[in-house]
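S.K.: This is the structure I want to talk about, given as structure tokens.
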Amino acid sequence: MSLAAVVDALALRLRSELGAGPKIGDALPLGPTDLPAVTLTVAAAAGRLSGVGKMPRGPRRGALEVSTTVDLADPVLRHGGDEVRLLSDDRRELVLPHGQLVRADGTDDTPFDDDDLSATAPGGAFDVVAGEPAGRQVRPDPARGVLRFGQALPASGTLSLTYHLGQWDVTTVRFTGDLAVEVTAEDLASVTSLTRRTAAALDEPAADFRVLSPSAWGAARRASISPAAARAQTLAYRFEFETEQPSLVSGGGVVRTVAVSGHVDATTERFDVTHEGSTE
């Protein structure tokens with residue numbers, strides 16, 4: 001996982017607290033049009049997976065939005081040397097790479113609508129319907145993770161999809177390191193004011209930063225850009241950042257039924273498992 005996650009989380013936090021005025025990110029200002037600016041730099045970082053044995057933390061449930069594309073000229077999923085064709089011979093039925101679907105609110109009841117699923121191919125978007133699709137319509141089968149289209153998909157181009165998964169694995173990643181926050185503004189009064197507002201914003205607790213401890217407060221100095229009155233000031237922090245990242249395992253749909261056979265004291269019992277907790 002990239003350290004961009006640390007920078008992006010801080011930038012999002014500062015934009016929320018400081019408003020639309022300053023330009024916030026990992027790019028230094030180049031001139032007057034870039035001012036005021038808050039530039040974030042991470043150094044001396046170390047990262048590791050969190051948890052015993054560096055393993056993912058297990059499944060989460062809800063509604064995880066996933067956006068993906070399918071090459072219609074080569075609708076094949078390749079993983080670990082295996083290949084799974086995603087599109088049926090009549091090019092109307094597509095197996096989604098990530099399995100079962102839910103609606104945007106996390107429920108799995110039907111019908112779905114355009115807020116729960118979107119599909120766009122050359123020629124435009126498909127309308128989501130509950131009945132048998134026709135023309136530029138698509139009907140999801142949530143349990144199977146399959147889409148049924150009203151017409152054959154083109155032989156070339158890209159199919160863009162957005163849908164929601166009800167269960168997914170997560171990996172928790174933790175970074176520790178040093179953070180430099182450089183504040184640049186048009187003059188001394190502006191830079192000292194923005195520096196204090198930035199420090200106050202970073203003092204607020206945040207769930208993803210377990211530690212964000214100030215370690216240095218630099219003096220305001222002349223900035224290396226115009227105008228001549230521009231000033232810069234740098235704050236330093238030590239941080240410990242932890243975030244959960246979805247871990248999606250691609251597959252050609254889901255296993256709908258598992259046959260189970262139990263043998264105890266010369267008695268054999270057979271049943272099918274179709275979902276967690278079932279014995280059908």
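The chains in the structure tokens are called A, B, ... from first to last as shown; in each chain the residues are counted from 1, and the ligands are counted from 1 in the order shown.
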Can you tell me, as a PyMOL selection string, what residues are no more than 12 Å from Asp90 of chain A when counting only C-alpha atoms, ignoring any on the same chain fewer than 4 positions away?
M.R.: chain A and resi 86+94+148-155
S.K.: Quick one: distance from atom CA of Gly21 of chain A to atom CA of Ser190 of chain A in Å, one decimal?
M.R.: 11.9 Å
S.K.: Among the residues of segment 133-192 of chain A, find those DSSP assigns to alpha helix (DSSP H) from the backbone and print them as a list of chain:residue names.
M.R.: A:Leu188, A:Ala189, A:Ser190, A:Val191, A:Thr192
S.K.: Where does DSSP see strand (DSSP E or B) in segment 13-241 of chain A, if you list the residues as JSON, numbers by chain?
M.R.: {"A": [23, 24, 25, 37, 38, 39, 40, 41, 42, 43, 44, 45, 46, 47, 48, 49, 58, 59, 60, 61, 62, 63, 64, 65, 66, 67, 68, 69, 70, 71, 76, 77, 78, 79, 82, 83, 84, 85, 87, 93, 94, 95, 102, 118, 119, 120, 121, 124, 125, 127, 128, 137, 138, 139, 140, 141, 146, 147, 148, 149, 158, 159, 160, 161, 162, 163, 164, 165, 166, 167, 168, 169, 170, 171, 172, 173, 174, 175, 176, 177, 178, 179, 180, 181, 182, 183, 184, 185, 206, 209, 210, 211, 212, 213, 214, 215, 216, 217, 221, 222, 231, 232, 233, 234, 235, 236, 237, 238, 239, 240, 241]}
S.K.: For Asp71 of chain A, work out the shell of residues within 7 Å, counting only C-alpha atoms and skipping chain neighbours fewer than 4 positions away, then give it as a list in words.
M.R.: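 The residues that qualify are Pro75, Gly157, Thr158 and Leu159 of chain A.
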S.K.: Could you please take those selected residues and save all heavy atoms as a PDB file, in the first residue's frame?
M.R.:
```
ATOM      1  N   PRO A  75     -13.344 -10.879 -22.856  1.00  0.00           N
ATOM      2  CA  PRO A  75     -14.027 -10.902 -21.563  1.00  0.00           C
ATOM      3  C   PRO A  75     -13.640 -12.123 -20.731  1.00  0.00           C
ATOM      4  O   PRO A  75     -14.461 -13.015 -20.453  1.00  0.00           O
ATOM      5  CB  PRO A  75     -15.501 -10.933 -21.961  1.00  0.00           C
ATOM      6  CG  PRO A  75     -15.521 -11.666 -23.255  1.00  0.00           C
ATOM      7  CD  PRO A  75     -14.234 -11.301 -23.959  1.00  0.00           C
ATOM      8  N   GLY A 157     -14.714  -2.883 -27.366  1.00  0.00           N
ATOM      9  CA  GLY A 157     -15.003  -1.762 -26.488  1.00  0.00           C
ATOM     10  C   GLY A 157     -14.927  -2.172 -25.024  1.00  0.00           C
ATOM     11  O   GLY A 157     -14.479  -3.274 -24.677  1.00  0.00           O
ATOM     12  N   THR A 158     -15.382  -1.289 -24.149  1.00  0.00           N
ATOM     13  CA  THR A 158     -15.275  -1.494 -22.706  1.00  0.00           C
ATOM     14  C   THR A 158     -16.641  -1.414 -22.053  1.00  0.00           C
ATOM     15  O   THR A 158     -17.423  -0.509 -22.347  1.00  0.00           O
ATOM     16  CB  THR A 158     -14.345  -0.439 -22.077  1.00  0.00           C
ATOM     17  OG1 THR A 158     -13.038  -0.564 -22.643  1.00  0.00           O
ATOM     18  CG2 THR A 158     -14.247  -0.619 -20.566  1.00  0.00           C
ATOM     19  N   LEU A 159     -16.927  -2.362 -21.183  1.00  0.00           N
ATOM     20  CA  LEU A 159     -18.118  -2.327 -20.343  1.00  0.00           C
ATOM     21  C   LEU A 159     -17.703  -1.810 -18.979  1.00  0.00           C
ATOM     22  O   LEU A 159     -16.856  -2.413 -18.312  1.00  0.00           O
ATOM     23  CB  LEU A 159     -18.724  -3.725 -20.218  1.00  0.00           C
ATOM     24  CG  LEU A 159     -19.906  -3.874 -19.253  1.00  0.00           C
ATOM     25  CD1 LEU A 159     -21.115  -3.091 -19.753  1.00  0.00           C
ATOM     26  CD2 LEU A 159     -20.246  -5.351 -19.057  1.00  0.00           C
TER      27      LEU A 159
END
```
S.K.: Hey, what's within 9 Å of segment 223-237 of chain A if we count only C-alpha atoms and toss same-chain stuff fewer than 6 positions away? As a ChimeraX atom specification, please?
M.R.: /A:29-32,35,177-192,195,199,212-217
S.K.: Select, from A:Gly19, A:Pro140, A:Pro59, A:Pro246, the residue with the minimum atom-to-atom distance to Val102 of chain A, counting only C-alpha atoms.
M.R.: A:Pro140
S.K.: Contacts of Gln137 of chain A at 12 Å or less, counting only C-alpha atoms, minus same-chain residues fewer than 2 places along, as a list in words?
M.R.: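 So the residues in contact are Arg92, Asp113, Asp114, Leu117, Ser118, Ala119, Thr120, Ala121, Gly124, Ala125, Phe126, Asp127, Val128, Val129, Ala130, Gly131, Glu132, Pro133, Ala134, Gly135, Arg139, Pro140, Leu147, Arg148, Phe149, Gly150, Gln151, Ala152 and Leu153 of chain A.
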